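Below is the file model-v2.txt, which contains compact mmCIF, C-alpha atoms and all ligand atoms.
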```txt
# COMPACT_ATOMS: atom_id res chain seq x y z
CA MET D 1 29.51 25.01 21.25
CA PRO D 2 26.30 23.50 19.93
CA GLU D 3 23.64 25.93 18.80
CA THR D 4 20.68 25.93 21.19
CA ALA D 5 16.99 26.34 20.38
CA PHE D 6 17.36 29.87 21.76
CA HIS D 7 19.51 30.69 18.74
CA LEU D 8 17.50 28.58 16.37
CA ARG D 9 14.86 31.19 15.64
CA LEU D 10 11.73 29.14 15.89
CA ARG D 11 8.73 30.34 13.92
CA PRO D 12 5.14 29.11 13.74
CA ALA D 13 4.90 26.02 11.54
CA THR D 14 2.34 25.89 8.74
CA PHE D 15 0.91 22.81 7.03
CA GLU D 16 3.50 23.41 4.27
CA ASP D 17 6.21 22.61 6.84
CA ALA D 18 4.92 19.05 7.32
CA GLU D 19 7.32 17.88 4.62
CA MET D 20 10.47 19.19 6.31
CA VAL D 21 9.31 18.09 9.77
CA ALA D 22 8.63 14.60 8.36
CA ASP D 23 12.24 14.62 7.11
CA LEU D 24 13.44 15.66 10.57
CA GLN D 25 11.43 12.84 12.18
CA THR D 26 12.79 10.33 9.67
CA LEU D 27 16.39 11.19 10.61
CA ARG D 28 15.68 9.89 14.13
CA ASP D 29 14.97 6.38 12.81
CA PRO D 30 15.36 5.79 9.07
CA GLN D 31 13.70 2.38 9.64
CA GLU D 32 10.52 4.29 10.45
CA PRO D 33 10.18 6.89 7.70
CA SER D 34 7.66 9.62 8.47
CA ASP D 35 5.10 10.22 5.70
CA PRO D 36 4.69 13.97 4.97
CA VAL D 37 1.16 13.54 3.63
CA LEU D 38 0.03 11.69 6.75
CA LEU D 39 1.83 14.13 9.05
CA ARG D 40 0.06 17.03 7.39
CA TYR D 41 -3.24 15.20 7.80
CA TRP D 42 -2.55 14.56 11.51
CA TRP D 43 -1.81 18.26 11.99
CA GLN D 44 -5.04 19.20 10.23
CA MET D 45 -7.05 16.77 12.34
CA THR D 46 -5.41 17.96 15.54
CA ASP D 47 -6.34 21.54 14.69
CA ALA D 48 -9.89 20.50 13.87
CA LEU D 49 -10.52 18.27 16.90
CA GLU D 50 -8.13 19.56 19.59
CA LYS D 51 -6.04 22.68 20.26
CA SER D 52 -2.44 22.86 19.18
CA MET D 53 0.70 24.93 18.68
CA ARG D 54 3.64 24.09 16.40
CA GLN D 55 6.97 25.83 15.85
CA VAL D 56 9.87 24.95 13.61
CA ALA D 57 13.42 26.20 13.06
CA GLU D 58 15.18 25.62 9.77
CA HIS D 59 18.73 25.80 8.50
CA ASP D 60 19.81 25.48 4.87
CA GLY D 61 16.25 24.63 3.87
CA ALA D 62 15.90 21.75 6.34
CA ALA D 63 14.07 21.62 9.66
CA VAL D 64 16.53 21.34 12.55
CA ALA D 65 14.18 21.80 15.52
CA TYR D 66 10.49 21.36 16.14
CA ILE D 67 8.18 21.75 19.09
CA GLY D 68 4.53 20.75 18.95
CA SER D 69 2.06 20.97 21.82
CA GLN D 70 -1.55 19.92 21.86
CA HIS D 71 -4.39 19.17 24.20
CA GLU D 72 -7.89 17.76 24.08
CA LEU D 73 -10.94 20.00 24.34
CA TRP D 74 -11.13 19.16 28.04
CA GLU D 75 -14.41 18.32 29.74
CA PRO D 76 -14.86 20.30 32.98
CA ALA D 77 -14.18 17.25 35.19
CA ASP D 78 -11.05 16.19 33.30
CA GLN D 79 -7.54 16.41 34.62
CA ARG D 80 -5.93 18.76 32.09
CA PHE D 81 -3.16 16.90 30.27
CA GLY D 82 -1.25 18.39 27.36
CA LEU D 83 1.13 16.61 25.00
CA LEU D 84 4.59 17.83 23.99
CA ARG D 85 6.65 16.74 21.00
CA PRO D 86 10.13 18.30 20.99
CA ILE D 87 12.63 17.27 18.30
CA LEU D 88 16.18 18.57 17.92
CA ARG D 89 18.40 17.29 15.11
CA SER D 90 21.20 15.10 16.46
CA ASP D 91 24.11 17.21 15.11
CA LEU D 92 22.73 20.26 16.95
CA TRP D 93 21.48 18.39 19.99
CA SER D 94 22.25 19.81 23.44
CA SER D 95 20.37 19.36 26.68
CA GLU D 96 19.97 23.17 26.92
CA GLY D 97 18.54 23.40 23.41
CA TYR D 98 16.20 20.52 24.04
CA ALA D 99 15.09 22.01 27.38
CA GLU D 100 14.37 25.28 25.60
CA LEU D 101 12.03 23.50 23.19
CA VAL D 102 10.27 21.79 26.11
CA ALA D 103 9.93 25.15 27.90
CA ILE D 104 8.27 26.72 24.84
CA GLY D 105 5.79 23.84 24.68
CA GLU D 106 5.14 23.91 28.41
CA ASN D 107 4.60 27.67 28.46
CA TRP D 108 1.94 27.35 25.79
CA LEU D 109 0.28 24.52 27.71
CA ARG D 110 0.32 26.58 30.93
CA LEU D 111 -1.36 29.51 29.19
CA GLU D 112 -3.98 27.06 27.91
CA GLY D 113 -4.65 25.92 31.49
CA ALA D 114 -3.03 22.47 31.34
CA THR D 115 -1.98 20.97 34.68
CA THR D 116 0.27 18.13 33.45
CA ALA D 117 2.71 18.00 30.53
CA VAL D 118 3.10 14.61 28.84
CA ALA D 119 5.86 13.46 26.48
CA ARG D 120 5.93 10.04 24.79
CA VAL D 121 9.47 9.12 23.83
CA ARG D 122 11.17 5.95 22.61
CA GLU D 123 13.35 4.44 25.29
CA ASP D 124 16.30 4.24 22.91
CA PHE D 125 16.22 8.04 22.35
CA GLN D 126 18.41 8.18 25.43
CA ASN D 127 19.44 11.86 25.22
CA ASP D 128 15.84 13.02 25.08
CA ILE D 129 14.84 10.74 27.97
CA GLU D 130 17.71 12.00 30.14
CA ALA D 131 16.98 15.65 29.32
CA LEU D 132 13.31 15.20 30.21
CA ALA D 133 14.24 13.45 33.49
CA LYS D 134 16.51 16.38 34.35
CA ILE D 135 13.63 18.80 33.79
CA GLY D 136 11.46 16.73 36.15
CA PHE D 137 9.49 14.39 33.88
CA ARG D 138 8.70 10.99 35.44
CA GLU D 139 7.51 7.76 33.90
CA ASN D 140 3.76 7.18 34.15
CA ARG D 141 3.08 4.42 31.57
CA ARG D 142 4.84 2.32 28.95
CA MET D 143 3.86 1.32 25.45
CA ARG D 144 5.58 -1.00 23.01
CA THR D 145 6.20 -0.42 19.34
CA SER D 146 6.58 -3.77 17.64
CA GLU D 147 7.06 -5.01 14.11
CA LEU D 148 5.87 -8.02 12.14
CA ASP D 149 8.14 -9.31 9.38
CA LEU D 150 5.67 -10.19 6.62
CA VAL D 151 8.32 -11.90 4.50
CA GLN D 152 9.71 -14.19 7.17
CA ARG D 153 6.27 -14.94 8.66
CA ARG D 154 4.40 -15.17 5.36
CA ASP D 155 3.70 -18.91 5.27
CA GLU D 156 2.76 -19.05 8.94
CA ILE D 157 0.38 -16.09 8.56
CA LEU D 158 -1.35 -17.61 5.56
CA ARG D 159 -1.63 -21.01 7.30
CA THR D 160 -3.16 -19.50 10.44
CA LEU D 161 -5.49 -17.36 8.31
CA THR D 162 -7.10 -20.58 7.05
CA ASP D 163 -7.59 -21.81 10.66
CA CYS D 164 -9.05 -18.43 11.69
CA ARG D 165 -11.51 -18.50 8.78
CA GLU D 166 -12.72 -21.97 9.80
CA GLU D 167 -13.07 -20.83 13.40
CA MET D 168 -15.07 -17.74 12.41
CA GLN D 169 -17.36 -19.88 10.30
CA ARG D 170 -18.03 -22.12 13.31
CA GLU D 171 -18.65 -18.99 15.41
CA GLY D 172 -21.11 -17.61 12.84
CA VAL D 173 -18.99 -14.47 12.40
CA ARG D 174 -18.41 -12.96 8.95
CA LEU D 175 -15.25 -10.95 8.23
CA LEU D 176 -15.15 -8.55 5.32
CA PRO D 177 -13.67 -5.20 4.30
CA LEU D 178 -15.94 -2.23 4.93
CA SER D 179 -16.04 -1.56 1.17
CA LYS D 180 -17.88 -4.88 0.68
CA ASP D 181 -20.42 -4.31 3.46
CA ASN D 182 -23.76 -3.30 1.92
CA ASP D 183 -25.53 -2.31 5.15
CA PRO D 184 -26.64 1.37 4.79
CA ASP D 185 -26.10 1.75 8.57
CA LYS D 186 -22.57 0.30 8.54
CA TYR D 187 -20.83 3.55 9.51
CA GLN D 188 -23.12 4.18 12.48
CA LYS D 189 -22.67 0.58 13.63
CA LEU D 190 -18.92 0.76 13.25
CA TYR D 191 -18.88 4.05 15.15
CA ALA D 192 -20.85 2.51 18.04
CA MET D 193 -18.40 -0.41 18.23
CA PHE D 194 -15.39 1.95 18.15
CA ILE D 195 -16.74 4.16 20.90
CA GLU D 196 -17.50 1.18 23.15
CA SER D 197 -14.20 -0.64 22.59
CA GLU D 198 -11.81 2.33 22.69
CA LYS D 199 -12.92 2.99 26.29
CA ASP D 200 -11.04 -0.21 27.19
CA ILE D 201 -7.65 0.89 25.88
CA PRO D 202 -5.51 1.38 29.00
CA THR D 203 -4.58 5.06 29.31
CA THR D 204 -3.79 7.75 31.85
CA VAL D 205 -4.54 10.64 29.49
CA PRO D 206 -8.26 10.62 28.67
CA TRP D 207 -9.54 11.48 25.21
CA ARG D 208 -12.79 13.09 24.21
CA VAL D 209 -15.41 10.86 22.62
CA LEU D 210 -15.74 12.11 19.04
CA THR D 211 -19.17 12.87 17.62
CA PHE D 212 -20.19 10.69 14.68
CA PRO D 213 -19.32 13.34 12.02
CA GLU D 214 -15.94 14.00 13.69
CA TRP D 215 -15.21 10.27 13.93
CA ARG D 216 -16.19 9.72 10.30
CA ARG D 217 -13.94 12.51 9.13
CA PHE D 218 -11.03 11.40 11.33
CA TRP D 219 -11.08 7.77 10.16
CA LEU D 220 -12.49 7.86 6.66
CA GLU D 221 -10.88 11.01 5.24
CA ASN D 222 -7.44 9.85 6.35
CA PRO D 223 -5.39 9.52 3.12
CA GLY D 224 -3.68 6.41 4.59
CA ILE D 225 -6.92 4.55 5.27
CA ARG D 226 -8.94 2.74 2.62
CA GLU D 227 -12.29 1.08 3.08
CA ASP D 228 -11.07 -1.99 1.23
CA ARG D 229 -8.40 -2.38 3.97
CA PHE D 230 -10.78 -1.59 6.83
CA TRP D 231 -11.70 -5.04 8.14
CA VAL D 232 -14.93 -5.51 10.07
CA ALA D 233 -16.52 -8.51 11.79
CA ARG D 234 -20.26 -9.03 11.61
CA ALA D 235 -22.33 -11.17 13.96
CA GLY D 236 -25.88 -11.12 12.68
CA ASP D 237 -26.91 -7.55 12.09
CA GLU D 238 -24.19 -5.97 14.21
CA ILE D 239 -20.61 -4.92 13.57
CA VAL D 240 -18.69 -6.46 16.47
CA GLY D 241 -15.05 -5.86 15.60
CA THR D 242 -12.53 -4.09 13.39
CA SER D 243 -8.86 -4.01 12.47
CA VAL D 244 -7.60 -1.26 10.23
CA LEU D 245 -4.28 -0.48 8.56
CA ASP D 246 -2.93 3.02 8.12
CA CYS D 247 -0.80 2.78 4.94
CA PRO D 248 1.87 5.22 3.80
CA VAL D 249 1.03 7.55 0.94
CA VAL D 250 4.52 8.77 -0.03
CA ARG D 251 6.91 6.72 2.08
CA GLY D 252 7.03 4.57 5.19
CA ILE D 253 5.50 1.39 6.48
CA PRO D 254 1.92 0.42 7.26
CA TRP D 255 0.74 0.56 10.87
CA THR D 256 -2.26 -1.07 12.46
CA ALA D 257 -4.21 2.03 13.41
CA TYR D 258 -6.79 0.23 15.54
CA THR D 259 -8.08 -3.20 16.51
CA GLY D 260 -11.15 -3.50 18.70
CA THR D 261 -14.09 -5.78 19.44
CA SER D 262 -17.40 -5.25 21.22
CA ARG D 263 -17.30 -6.24 24.87
CA SER D 264 -19.97 -8.91 24.34
CA VAL D 265 -17.83 -10.94 21.90
CA ARG D 266 -14.39 -10.85 23.50
CA GLY D 267 -12.33 -14.01 23.88
CA ARG D 268 -13.82 -15.74 20.81
CA GLY D 269 -10.84 -15.19 18.51
CA ILE D 270 -12.49 -12.36 16.54
CA ALA D 271 -9.70 -9.80 16.98
CA ARG D 272 -7.10 -12.39 16.02
CA ALA D 273 -9.04 -13.39 12.89
CA LEU D 274 -9.40 -9.73 11.88
CA LYS D 275 -5.67 -9.12 12.29
CA TYR D 276 -4.80 -12.17 10.17
CA GLU D 277 -7.11 -10.94 7.38
CA SER D 278 -5.47 -7.54 7.57
CA MET D 279 -1.91 -8.96 7.52
CA ALA D 280 -2.68 -11.35 4.64
CA GLN D 281 -3.96 -8.37 2.68
CA ALA D 282 -0.79 -6.39 3.51
CA ILE D 283 1.30 -9.30 2.17
CA GLU D 284 -0.84 -9.37 -0.97
CA ALA D 285 -0.31 -5.61 -1.39
CA GLY D 286 3.45 -6.19 -1.34
CA TYR D 287 4.31 -4.75 2.08
CA THR D 288 7.23 -6.42 3.82
CA ARG D 289 6.63 -5.29 7.40
CA VAL D 290 3.97 -3.75 9.61
CA ARG D 291 4.24 -1.90 12.91
CA THR D 292 1.93 -1.29 15.81
CA THR D 293 2.08 0.48 19.16
CA ASN D 294 0.23 -0.95 22.15
CA ASP D 295 0.04 -0.14 25.80
CA ALA D 296 2.27 -2.48 27.82
CA ASP D 297 -0.70 -3.07 30.10
CA ASN D 298 -3.01 -4.51 27.38
CA PRO D 299 -2.46 -8.29 27.69
CA SER D 300 -4.99 -9.53 25.13
CA ILE D 301 -3.68 -7.54 22.15
CA LEU D 302 -0.08 -8.27 23.19
CA ARG D 303 -0.90 -11.99 23.30
CA ILE D 304 -2.34 -11.88 19.77
CA ASN D 305 0.66 -9.90 18.50
CA ASN D 306 3.19 -12.22 20.16
CA GLN D 307 1.49 -15.26 18.67
CA MET D 308 1.58 -13.63 15.23
CA GLY D 309 5.32 -13.06 15.57
CA TYR D 310 5.57 -9.32 16.29
CA ARG D 311 8.98 -8.39 17.71
CA LEU D 312 9.71 -5.43 19.97
CA VAL D 313 11.24 -2.42 18.19
CA ALA D 314 11.36 -0.17 21.25
CA PRO D 315 9.44 0.56 24.42
CA ILE D 316 7.82 4.02 24.48
CA LEU D 317 7.92 5.83 27.79
CA GLU D 318 5.06 8.15 28.68
CA LEU D 319 6.60 10.81 30.93
CA HIS D 320 4.59 13.30 32.99
CA ARG D 321 5.43 16.55 34.74
CA PRO D 322 3.03 18.67 36.81
CA LEU D 323 2.94 22.17 35.36
CA GLY D 324 2.39 23.92 38.69
C1 LIG F 401 -7.77 -6.17 22.49
C2 LIG F 401 -9.09 -6.72 21.93
C3 LIG F 401 -9.24 -6.20 20.52
C4 LIG F 401 -9.05 -8.24 21.94
O1 LIG F 401 -10.26 -8.70 21.36
P1 LIG F 401 -10.77 -10.21 21.48
O2 LIG F 401 -11.83 -10.35 20.44
O3 LIG F 401 -11.11 -10.52 22.87
O4 LIG F 401 -9.44 -11.01 21.09
P2 LIG F 401 -9.30 -12.57 20.76
O5 LIG F 401 -10.44 -13.33 21.35
O6 LIG F 401 -9.03 -12.73 19.31
O7 LIG F 401 -7.93 -12.93 21.48
C5 LIG F 401 -7.68 -12.49 22.79
C6 LIG F 401 -6.55 -13.32 23.36
O8 LIG F 401 -6.07 -12.68 24.53
C7 LIG F 401 -6.15 -13.60 25.62
N1 LIG F 401 -6.36 -12.83 26.83
C8 LIG F 401 -7.45 -12.18 27.25
N2 LIG F 401 -7.22 -11.60 28.43
C9 LIG F 401 -5.95 -11.89 28.75
C10 LIG F 401 -5.11 -11.59 29.86
N3 LIG F 401 -5.55 -10.85 30.88
N4 LIG F 401 -3.83 -12.05 29.86
C11 LIG F 401 -3.35 -12.78 28.81
N5 LIG F 401 -4.11 -13.12 27.75
C12 LIG F 401 -5.39 -12.68 27.72
C13 LIG F 401 -7.30 -14.50 25.28
O9 LIG F 401 -7.26 -15.69 26.03
C14 LIG F 401 -7.04 -14.70 23.79
O10 LIG F 401 -5.96 -15.58 23.56
P3 LIG F 401 -6.18 -17.15 23.24
O11 LIG F 401 -7.20 -17.21 22.14
O12 LIG F 401 -4.85 -17.62 22.82
O13 LIG F 401 -6.68 -17.76 24.51
C15 LIG F 401 -10.30 -6.24 22.81
O14 LIG F 401 -10.04 -6.60 24.15
C16 LIG F 401 -10.56 -4.74 22.75
O15 LIG F 401 -11.32 -4.28 21.91
N6 LIG F 401 -9.93 -3.97 23.65
C17 LIG F 401 -10.08 -2.52 23.63
C18 LIG F 401 -9.41 -1.88 22.44
C19 LIG F 401 -7.92 -2.15 22.46
O16 LIG F 401 -7.26 -2.13 23.49
N7 LIG F 401 -7.35 -2.41 21.25
C20 LIG F 401 -5.96 -2.72 21.09
C21 LIG F 401 -5.10 -1.54 21.06
S1 LIG F 401 -5.46 -0.39 19.79
```
Before we go any further, please render this structure as structure tokens.
Amino acid sequence: MPETAFHLRLRPATFEDAEMVADLQTLRDPQEPSDPVLLRYWWQMTDALEKSMRQVAEHDGAAVAYIGSQHELWEPADQRFGLLRPILRSDLWSSEGYAELVAIGENWLRLEGATTAVARVREDFQNDIEALAKIGFRENRRMRTSELDLVQRRDEILRTLTDCREEMQREGVRLLPLSKDNDPDKYQKLYAMFIESEKDIPTTVPWRVLTFPEWRRFWLENPGIREDRFWVARAGDEIVGTSVLDCPVVRGIPWTAYTGTSRSVRGRGIARALKYESMAQAIEAGYTRVRTTNDADNPSILRINNQMGYRLVAPILELHRPLG
């Protein structure tokens, strides 16, 4: 009989456990290796900017089960969502064990005052999806994780980059990495553009607007993010767009962490041009593929990605359950 989480002896996870939990995550899809340095950083940021709980169970020095729960610092008017991330290694997987992990996460969320539990799970992780449905989780939204093959699409990307550069010149828009921008107010301007544009990402679960110091720490102290790979678009004195890659430190593949443009400049090809600069730079750096996750209800970014040649890896289901 498979061992359940009840027997797994979960204990609180520390930052030191990020390495073994990254290994556990990697086992789920070796094509998407989880970077322990970035995972540790995400945990640190979650603790600094939100509230969270993490538990891990290990066997023979390896993590076999993990449950993480977190929630925003809710504003009084917010509906109180909390996120769950249960993982049970496939050789020990059982619906009872998985349900036990979910229950531990949900109990913590309930004590915190959350009203809805949310789990985001790849559609091809069929066992997890079925177990969550059995517990009462229902689909609320869909995202798409997609991948761009930088080897196969190389020539096309570099050709279109030239067209984008000509178009941006005609538009009077300058694209450059943040590291080459000499404006002393560049971070404040970039922050203002982020805060405006991120409000337009389709979402059910609201997030708190970060203060400038929080935002700066979150984006610029990330070990996977470099200012020479942080593309910005300038129109006159303003920063009107960005596209930024989150690159692995120890292992894994680069991800586009964010692409956004100011509302006043949308539809002029600026986001597309930024993404082509970013992809050309990834090719130059020797990366062979890049991934991104977008909401399925975000037609403009999906159009850009489809034109670039991104291919679906897997839909992500966002499942909700009222905590009652
Ligand atoms: C997504 C976003 C970056 C696009 O910026 P943009 O500067 O308008 O993008 P571009 O002008 O380069 O290209 C947009 C493309 O989408 C198309 N588009 C716009 N609305 C569309 C719709 N409803 N359906 C289909 N295509 C649409 C445009 O026509 C254009 O394609 P085309 O040039 O082939 O005609 C911008 O809308 C934004 O900041 N949104 C909020 C942040 C966000 O959601 N980021 C992405 C996820 S992290």
Just give me the gap between CA of Asp183 (chain D) and CA of Arg217 (chain D) in Å, one decimal is fine. 19.2 Å
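The coordinates place CA of Ile87 (chain D) at 16.2 Å from CA of Phe137 (chain D).
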What box, with edges along x, y and z, holds each listed atom of ligand LIG 401 (chain F) when 5 Å is added on every side, and can you state its centre and edge lengths in Å to one decimal, as lines of an AutoDock Vina configuration file?
```
center_x = -7.6
center_y = -9.1
center_z = 25.1
size_x = 18.5
size_y = 27.4
size_z = 21.6
```
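Across the structure, atom C1 of ligand LIG 401 (chain F) and CA of Asp295 (chain D) are spaced 10.4 Å apart.
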If we count all atoms listed in the file and set the cut-off at 12 Å, which residues sit around Glu221 (chain D), ignoring sequence neighbours fewer than 2 positions away in its own chain? Please answer as a PyMOL selection string. chain D and resi 38+41-42+44-45+213-219+223-227+246
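Around ligand LIG 401 (chain F), using only C-alpha atoms and all ligand atoms and a cut-off of 7 Å, the residues in contact are Ser197, Glu198, Lys199, Asp200, Ile201, Pro202, Ala257, Tyr258, Thr259, Gly260, Thr261, Ser262, Arg263, Val265, Arg266, Gly267, Arg268, Gly269, Ile270, Ala271, Arg272, Ala273, Asn294, Asn298, Pro299, Ser300, Ile301, Arg303 and Ile304 of chain D.
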The selected residues should be written to file as a CSV table (one decimal), keeping the file's coordinate frame (atoms: C-alpha atoms).
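Below is the file part-v9.csv, written as the result:
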```csv
chain,number,residue,atom,x,y,z
D,197,SER,CA,-14.2,-0.6,22.6
D,198,GLU,CA,-11.8,2.3,22.7
D,199,LYS,CA,-12.9,3.0,26.3
D,200,ASP,CA,-11.0,-0.2,27.2
D,201,ILE,CA,-7.6,0.9,25.9
D,202,PRO,CA,-5.5,1.4,29.0
D,257,ALA,CA,-4.2,2.0,13.4
D,258,TYR,CA,-6.8,0.2,15.5
D,259,THR,CA,-8.1,-3.2,16.5
D,260,GLY,CA,-11.2,-3.5,18.7
D,261,THR,CA,-14.1,-5.8,19.4
D,262,SER,CA,-17.4,-5.2,21.2
D,263,ARG,CA,-17.3,-6.2,24.9
D,265,VAL,CA,-17.8,-10.9,21.9
D,266,ARG,CA,-14.4,-10.8,23.5
D,267,GLY,CA,-12.3,-14.0,23.9
D,268,ARG,CA,-13.8,-15.7,20.8
D,269,GLY,CA,-10.8,-15.2,18.5
D,270,ILE,CA,-12.5,-12.4,16.5
D,271,ALA,CA,-9.7,-9.8,17.0
D,272,ARG,CA,-7.1,-12.4,16.0
D,273,ALA,CA,-9.0,-13.4,12.9
D,294,ASN,CA,0.2,-1.0,22.2
D,298,ASN,CA,-3.0,-4.5,27.4
D,299,PRO,CA,-2.5,-8.3,27.7
D,300,SER,CA,-5.0,-9.5,25.1
D,301,ILE,CA,-3.7,-7.5,22.2
D,303,ARG,CA,-0.9,-12.0,23.3
D,304,ILE,CA,-2.3,-11.9,19.8
```
Closest to Thr14 (chain D) among D:Pro184, D:Gly82, D:Gly113, D:Gly68, using all atoms listed in the file? D:Gly68
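Residue nearest Trp255 (chain D) within the list D:His320, D:Arg229, D:Lys189, D:Arg208: D:Arg229 [criterion: smallest interatomic distance, only C-alpha atoms].
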With distances taken over only C-alpha atoms, which of D:Arg40, D:Ala314, D:Val232, D:Asn305 is nearest to Ser179 (chain D)? D:Val232
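The set of protein, DNA and RNA residues with any counted atom at most 10 Å from (3.5, -2.3, 15.4) (only C-alpha atoms) reads D:Arg144, D:Thr145, D:Ser146, D:Glu147, D:Leu148, D:Ile253, D:Pro254, D:Trp255, D:Thr256, D:Ala257, D:Arg289, D:Val290, D:Arg291, D:Thr292, D:Thr293, D:Asn294, D:Asn305, D:Tyr310, D:Arg311, D:Leu312, D:Val313.
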Selection file, C-alpha atoms, as a PDB file, in the frame of the given file:
```
ATOM      1  CA  ARG D 144       5.580  -1.000  23.010  1.00  0.00           C
ATOM      2  CA  THR D 145       6.200  -0.420  19.340  1.00  0.00           C
ATOM      3  CA  SER D 146       6.580  -3.770  17.640  1.00  0.00           C
ATOM      4  CA  GLU D 147       7.060  -5.010  14.110  1.00  0.00           C
ATOM      5  CA  LEU D 148       5.870  -8.020  12.140  1.00  0.00           C
ATOM      6  CA  ILE D 253       5.500   1.390   6.480  1.00  0.00           C
ATOM      7  CA  PRO D 254       1.920   0.420   7.260  1.00  0.00           C
ATOM      8  CA  TRP D 255       0.740   0.560  10.870  1.00  0.00           C
ATOM      9  CA  THR D 256      -2.260  -1.070  12.460  1.00  0.00           C
ATOM     10  CA  ALA D 257      -4.210   2.030  13.410  1.00  0.00           C
ATOM     11  CA  ARG D 289       6.630  -5.290   7.400  1.00  0.00           C
ATOM     12  CA  VAL D 290       3.970  -3.750   9.610  1.00  0.00           C
ATOM     13  CA  ARG D 291       4.240  -1.900  12.910  1.00  0.00           C
ATOM     14  CA  THR D 292       1.930  -1.290  15.810  1.00  0.00           C
ATOM     15  CA  THR D 293       2.080   0.480  19.160  1.00  0.00           C
ATOM     16  CA  ASN D 294       0.230  -0.950  22.150  1.00  0.00           C
ATOM     17  CA  ASN D 305       0.660  -9.900  18.500  1.00  0.00           C
ATOM     18  CA  TYR D 310       5.570  -9.320  16.290  1.00  0.00           C
ATOM     19  CA  ARG D 311       8.980  -8.390  17.710  1.00  0.00           C
ATOM     20  CA  LEU D 312       9.710  -5.430  19.970  1.00  0.00           C
ATOM     21  CA  VAL D 313      11.240  -2.420  18.190  1.00  0.00           C
TER      22      VAL D 313
END
```
Which residue, D:Asp228, D:Glu96, D:Asp35, D:Asp29, has the smallest gap to Leu178 (chain D) when you use all atoms listed in the file? D:Asp228
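Residue nearest Val209 (chain D) within the list D:Ala192, D:Trp108, D:Gly97, D:Asp23: D:Ala192 [criterion: smallest interatomic distance, only C-alpha atoms].
When only C-alpha atoms are used to measure the gap to Trp74 (chain D), the shortest distance among D:Val37, D:Ile195, D:Leu274, D:Val205 belongs to D:Val205.
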